[in-house]
file data36.tsv (TSV, C-alpha atoms)
chain	number	residue	atom	x	y	z
A	1118	ARG	CA	7.77	57.32	-92.01
A	1119	LEU	CA	9.47	53.91	-92.13
A	1120	TRP	CA	8.21	53.12	-88.63
A	1121	THR	CA	4.59	53.99	-89.48
A	1122	GLU	CA	4.66	51.78	-92.60
A	1123	TRP	CA	6.22	48.78	-90.85
A	1124	TYR	CA	4.37	49.18	-87.54
A	1125	PRO	CA	1.61	46.62	-88.34
A	1126	LEU	CA	4.28	43.92	-88.73
A	1127	VAL	CA	5.76	44.54	-85.27
A	1128	PRO	CA	3.04	42.65	-83.35
A	1129	VAL	CA	3.31	39.73	-85.79
A	1130	ALA	CA	7.10	39.66	-85.39
A	1131	ALA	CA	6.75	39.92	-81.61
A	1132	LEU	CA	4.29	37.00	-81.57
A	1133	CYS	CA	6.62	34.84	-83.69
A	1134	VAL	CA	9.63	35.60	-81.48
A	1135	PHE	CA	7.51	35.01	-78.36
A	1136	LEU	CA	6.43	31.59	-79.63
A	1137	LEU	CA	10.05	30.73	-80.46
A	1138	THR	CA	11.13	31.88	-76.98
A	1139	SER	CA	8.43	29.76	-75.34
A	1140	LEU	CA	9.41	26.71	-77.39
A	1141	LEU	CA	13.09	27.08	-76.52
A	1142	LEU	CA	12.22	27.60	-72.85
A	1143	CYS	CA	10.24	24.35	-72.83
A	1144	LEU	CA	13.02	22.49	-74.62
A	1145	THR	CA	15.61	23.81	-72.15
A	1146	CYS	CA	13.46	22.98	-69.12
A	1147	CYS	CA	12.30	19.55	-70.19
A	1148	SER	CA	15.36	18.11	-71.95
A	1149	ASP	CA	17.99	15.91	-70.35
A	1150	PRO	CA	21.17	17.97	-69.81
A	1151	GLY	CA	23.36	14.87	-70.06
A	1152	ILE	CA	22.87	13.14	-66.73
A	1153	ILE	CA	25.19	10.22	-66.02
A	1154	PRO	CA	23.22	7.59	-64.08
A	1155	ARG	CA	24.23	6.73	-60.51
A	1156	ARG	CA	25.98	3.46	-59.70
A	1157	GLN	CA	22.83	1.91	-58.20
A	1158	MET	CA	20.81	2.76	-61.32
A	1159	ILE	CA	23.48	1.38	-63.66
A	1160	LEU	CA	23.68	-1.90	-61.76
A	1161	ALA	CA	19.90	-2.26	-61.35
A	1162	ALA	CA	19.21	-1.62	-65.04
A	1163	GLY	CA	22.24	-3.54	-66.31
A	1164	LEU	CA	23.55	-0.54	-68.23
A	1165	ASP	CA	27.25	-1.01	-67.41
A	1166	ARG	CA	28.19	-2.64	-70.75
A	1167	GLU	CA	26.12	-0.16	-72.78
A	1168	LEU	CA	27.63	2.85	-70.98
A	1169	LYS	CA	31.13	1.43	-71.42
A	1170	GLU	CA	30.58	1.24	-75.18
A	1171	LEU	CA	28.94	4.66	-75.33
A	1172	LEU	CA	31.45	6.59	-73.19
A	1173	GLY	CA	34.55	4.53	-73.96
A	1174	TYR	CA	35.46	3.62	-70.36
A	1175	ASP	CA	34.04	1.71	-67.41
A	1176	VAL	CA	31.94	4.19	-65.44
A	1177	LEU	CA	31.85	1.91	-62.40
A	1178	GLY	CA	35.64	1.90	-61.95
A	1179	ASN	CA	37.91	-0.79	-60.49
A	1180	GLY	CA	36.19	-3.10	-57.99
A	1181	GLN	CA	33.75	-1.94	-55.34
A	1182	PRO	CA	33.79	1.47	-53.61
A	1183	THR	CA	34.71	1.49	-49.92
A	1184	GLY	CA	32.68	4.57	-49.02
A	1185	GLN	CA	35.81	6.52	-48.01
A	1186	ALA	CA	36.21	9.46	-50.38
A	1187	ASP	CA	40.03	9.58	-50.35
A	1188	VAL	CA	40.48	5.85	-50.85
A	1189	ASP	CA	37.86	5.62	-53.60
A	1190	ALA	CA	39.21	8.66	-55.44
A	1191	SER	CA	42.60	6.97	-55.82
A	1192	SER	CA	41.65	3.27	-56.10
A	1193	MET	CA	38.51	3.36	-58.27
A	1194	VAL	CA	39.88	5.56	-61.10
A	1195	PRO	CA	42.56	3.91	-63.29
A	1196	ASP	CA	45.79	5.92	-63.63
A	1197	GLU	CA	45.42	6.44	-67.40
A	1198	LEU	CA	41.97	7.96	-66.88
A	1199	ARG	CA	43.09	10.10	-63.92
A	1200	LYS	CA	45.86	11.60	-66.09
A	1201	LYS	CA	43.22	12.58	-68.66
A	1202	GLY	CA	41.12	14.41	-66.04
A	1203	TYR	CA	38.58	11.77	-65.07
A	1204	LYS	CA	37.42	12.01	-61.45
A	1205	TRP	CA	35.54	9.92	-58.91
A	1206	CYS	CA	32.13	11.20	-57.81
A	1207	ARG	CA	31.68	10.18	-54.19
A	1208	THR	CA	27.93	10.90	-54.29
A	1209	CYS	CA	27.02	8.98	-57.47
A	1210	LYS	CA	29.87	6.45	-56.97
A	1211	ILE	CA	30.93	6.60	-60.61
A	1212	ILE	CA	33.88	7.86	-62.64
A	1213	ARG	CA	32.89	11.06	-64.36
A	1214	PRO	CA	34.66	12.38	-67.49
A	1215	PRO	CA	36.46	15.74	-67.79
A	1216	ARG	CA	34.22	18.85	-67.81
A	1217	SER	CA	31.43	16.94	-66.11
A	1218	SER	CA	30.46	17.85	-62.60
A	1219	HIS	CA	28.06	16.92	-59.85
A	1220	CYS	CA	25.22	19.44	-59.61
A	1221	PRO	CA	24.34	20.15	-55.97
A	1222	ASP	CA	20.84	21.33	-56.92
A	1223	CYS	CA	19.84	18.30	-59.03
A	1224	ASP	CA	22.11	15.90	-57.14
A	1225	GLN	CA	23.25	14.31	-60.43
A	1226	CYS	CA	26.48	14.17	-62.45
A	1227	VAL	CA	26.06	16.03	-65.74
A	1228	LEU	CA	28.20	15.73	-68.90
A	1229	ARG	CA	29.88	19.03	-69.86
A	1230	TYR	CA	28.19	20.74	-66.93
A	1231	ASP	CA	27.90	24.50	-67.44
A	1232	HIS	CA	25.66	25.60	-64.57
A	1233	HIS	CA	22.33	25.03	-62.88
A	1234	CYS	CA	19.94	27.71	-64.13
A	1235	PRO	CA	17.28	28.70	-61.59
A	1236	PHE	CA	15.22	30.44	-64.29
A	1237	VAL	CA	14.65	27.21	-66.25
A	1238	ASN	CA	15.01	24.98	-63.14
A	1239	ASN	CA	17.38	22.60	-64.90
A	1240	CYS	CA	21.08	21.98	-65.34
A	1241	ILE	CA	22.66	23.30	-68.49
A	1242	GLY	CA	24.92	20.63	-69.93
A	1243	GLN	CA	25.98	18.78	-73.05
A	1244	ARG	CA	22.52	17.86	-74.33
A	1245	ASN	CA	20.58	21.10	-73.74
A	1246	TYR	CA	23.24	23.80	-74.04
A	1247	HIS	CA	22.20	24.73	-77.59
A	1248	PHE	CA	18.55	25.07	-76.49
A	1249	PHE	CA	19.66	27.35	-73.63
A	1250	VAL	CA	21.74	29.63	-75.87
A	1251	GLY	CA	18.84	29.79	-78.32
A	1252	PHE	CA	16.49	30.68	-75.46
A	1253	VAL	CA	18.69	33.54	-74.21
A	1254	THR	CA	19.17	34.80	-77.78
A	1255	SER	CA	15.42	34.75	-78.43
A	1256	VAL	CA	14.74	36.63	-75.18
A	1257	VAL	CA	17.15	39.35	-76.33
A	1258	CYS	CA	15.47	39.47	-79.76
A	1259	LEU	CA	12.04	39.62	-78.12
A	1260	ALA	CA	13.16	42.57	-75.99
A	1261	LEU	CA	14.57	44.32	-79.09
A	1262	VAL	CA	11.25	43.86	-80.91
A	1263	VAL	CA	8.82	44.63	-78.08
A	1264	LEU	CA	10.44	47.50	-76.17
A	1265	PRO	CA	10.79	50.03	-79.02
A	1266	GLY	CA	7.29	49.22	-80.26
A	1267	LEU	CA	5.84	49.59	-76.78
A	1268	VAL	CA	7.55	52.93	-76.17
A	1269	TRP	CA	6.47	54.22	-79.58
A	1270	ALA	CA	2.86	53.05	-79.10
A	1271	ILE	CA	2.60	54.75	-75.71
A	1272	LEU	CA	4.48	57.96	-76.51
A	1273	THR	CA	2.82	58.72	-79.88
A	1274	PRO	CA	-0.65	59.57	-78.48
A	1275	LEU	CA	0.84	61.46	-75.52
A	1276	THR	CA	3.04	63.79	-77.55
A	1277	GLY	CA	0.10	64.87	-79.75
A	1278	ARG	CA	-1.83	66.50	-76.87
A	1279	GLU	CA	-1.72	70.25	-76.48
A	1280	THR	CA	-3.87	71.28	-73.53
A	1281	SER	CA	-2.07	72.36	-70.38
A	1282	ASN	CA	-4.06	70.04	-68.07
A	1283	GLU	CA	-3.11	66.94	-70.05
A	1284	GLU	CA	0.52	68.05	-70.40
A	1285	GLY	CA	1.07	67.49	-66.67
A	1286	VAL	CA	-0.35	64.00	-66.89
A	1287	SER	CA	1.59	63.21	-70.03
A	1288	GLY	CA	4.78	64.51	-68.41
A	1289	VAL	CA	4.31	62.12	-65.49
A	1290	LEU	CA	3.49	59.27	-67.86
A	1291	ILE	CA	6.48	60.08	-70.03
A	1292	GLY	CA	8.69	60.07	-66.93
A	1293	VAL	CA	7.32	56.67	-65.87
A	1294	ILE	CA	7.78	55.29	-69.39
A	1295	VAL	CA	11.34	56.58	-69.59
A	1296	GLY	CA	12.09	55.05	-66.18
A	1297	VAL	CA	10.65	51.68	-67.18
A	1298	ALA	CA	12.49	51.85	-70.50
A	1299	CYS	CA	15.76	52.55	-68.66
A	1300	LEU	CA	15.24	49.56	-66.38
A	1301	ALA	CA	14.32	47.37	-69.34
A	1302	GLY	CA	17.40	48.64	-71.16
A	1303	LEU	CA	19.58	47.68	-68.19
A	1304	ALA	CA	18.00	44.22	-68.14
A	1305	LEU	CA	18.61	43.93	-71.88
A	1306	LEU	CA	22.23	44.97	-71.37
A	1307	ALA	CA	22.64	42.31	-68.68
A	1308	LEU	CA	21.15	39.71	-71.05
A	1309	LEU	CA	23.52	40.78	-73.82
A	1310	ILE	CA	26.51	40.42	-71.49
A	1311	PHE	CA	25.22	37.01	-70.39
A	1312	LEU	CA	24.75	35.96	-74.03
A	1313	GLY	CA	28.27	37.16	-74.86
A	1314	TYR	CA	29.64	35.06	-72.01
A	1315	HIS	CA	27.99	31.94	-73.38
call {"tool": "encode", "arguments": {"input": "data36.tsv", "output": "structure tokens"}}
result
Amino acid sequence: RLWTEWYPLVPVAALCVFLLTSLLLCLTCCSDPGIIPRRQMILAAGLDRELKELLGYDVLGNGQPTGQADVDASSMVPDELRKKGYKWCRTCKIIRPPRSSHCPDCDQCVLRYDHHCPFVNNCIGQRNYHFFVGFVTSVVCLALVVLPGLVWAILTPLTGRETSNEEGVSGVLIGVIVGVACLAGLALLALLIFLGYH
């Protein structure tokens, strides 16, 4: 009885959660994950002083890079920064802070790099991590709203039939629906595990 009384609100709730999911997807896709500019960009734009004030250290390092990875890794990063976990990025030719990494897909250094997500086609880092977690959470909520309502809406008319000819069709449809629901449940379980990891 509770389901039949609240059923008209399910599509409205699903629409609201869908709009929230779409908004968070766009924010995750289109926001800057925390990209640290490359050496050439910093020098061309004159951002070295501003980045030094913002990050608290000289991103460009000591002197000029030689182009040899081993030499630059030891000579460009000051000892006090190396002890704190700062590393030299041989691709961007900058000193990157701890927990940042160079993304091979975007070819950029990202602050607090988590991973490159192929589903949103963007790195997940310091500046868009909260959007990404919100997106995954809203996808789980959308699945929890839509799947039970969909199963109920499809199964209710089928279970009310009583003729033998339609029972065979409804049995096949019920089997297909149960199979799809099981696959959707497995996908939901995978999303829940992924959300728990993050």
call {"tool": "closest_residue", "arguments": {"input": "data36.tsv", "among": "A:Cys1206, A:Leu1259, A:Cys1226, A:Met1193", "to": "A:Leu1136", "atoms": "all atoms listed in the file"}}
result
A:Leu1259
call {"tool": "atom_distance", "arguments": {"input": "data36.tsv", "atom1": "atom CA of A:His1247", "atom2": "atom CA of A:Ala1304"}}
result
22.1 Å
call {"tool": "closest_residue", "arguments": {"input": "data36.tsv", "among": "A:Ile1152, A:Val1268, A:Cys1220, A:Cys1146", "to": "A:Gly1292", "atoms": "all atoms listed in the file"}}
result
A:Val1268
call {"tool": "residues_around", "arguments": {"input": "data36.tsv", "residues": "stretch 1163-1177 of chain A", "least_positions_apart": "4", "cutoff": "8 Å", "atoms": "only C-alpha atoms", "output": "PDB file with C-alpha atoms, in the frame of the given file"}}
result
ATOM      1  CA  ARG A1156      25.980   3.460 -59.700  1.00  0.00           C
ATOM      2  CA  ILE A1159      23.480   1.380 -63.660  1.00  0.00           C
ATOM      3  CA  MET A1193      38.510   3.360 -58.270  1.00  0.00           C
ATOM      4  CA  LYS A1210      29.870   6.450 -56.970  1.00  0.00           C
ATOM      5  CA  ILE A1211      30.930   6.600 -60.610  1.00  0.00           C
ATOM      6  CA  ILE A1212      33.880   7.860 -62.640  1.00  0.00           C
ATOM      7  CA  ARG A1213      32.890  11.060 -64.360  1.00  0.00           C
TER       8      ARG A1213
END
call {"tool": "closest_atom_pairs", "arguments": {"input": "data36.tsv", "of": "stretch 1135-1197 of chain A", "to": "stretch 1229-1246 of chain A", "cutoff": "10 Å", "atoms": "only C-alpha atoms", "output": "Markdown table"}}
result
| residue | atom | partner | partner_atom | distance |
| --- | --- | --- | --- | --- |
| A:Leu1141 | CA | A:Asn1245 | CA | 10.0 |
| A:Leu1142 | CA | A:Val1237 | CA | 7.0 |
| A:Cys1143 | CA | A:Val1237 | CA | 8.4 |
| A:Leu1144 | CA | A:Asn1245 | CA | 7.7 |
| A:Thr1145 | CA | A:Asn1245 | CA | 5.9 |
| A:Cys1146 | CA | A:Val1237 | CA | 5.2 |
| A:Cys1147 | CA | A:Asn1239 | CA | 7.9 |
| A:Ser1148 | CA | A:Asn1245 | CA | 6.3 |
| A:Asp1149 | CA | A:Arg1244 | CA | 6.3 |
| A:Pro1150 | CA | A:Gly1242 | CA | 4.6 |
| A:Gly1151 | CA | A:Arg1244 | CA | 5.3 |
| A:Ile1152 | CA | A:Gly1242 | CA | 8.4 |
call {"tool": "closest_residue", "arguments": {"input": "data36.tsv", "among": "A:Val1127, A:Val1188, A:Asn1179, A:Leu1312", "to": "A:Gly1251", "atoms": "all atoms listed in the file"}}
result
A:Leu1312
call {"tool": "atom_distance", "arguments": {"input": "data36.tsv", "atom1": "atom CA of A:Gly1313", "atom2": "atom CA of A:Thr1254"}}
result
9.8 Å
call {"tool": "atom_distance", "arguments": {"input": "data36.tsv", "atom1": "atom CA of A:Gly1202", "atom2": "atom CA of A:Pro1214"}}
result
6.9 Å
call {"tool": "closest_residue", "arguments": {"input": "data36.tsv", "among": "A:Cys1299, A:Phe1252, A:Leu1306, A:Lys1200", "to": "A:Leu1140", "atoms": "all atoms listed in the file"}}
result
A:Phe1252
call {"tool": "closest_residue", "arguments": {"input": "data36.tsv", "among": "A:Val1262, A:Val1293, A:Leu1160, A:Ile1153", "to": "A:Ser1218", "atoms": "all atoms listed in the file"}}
result
A:Ile1153
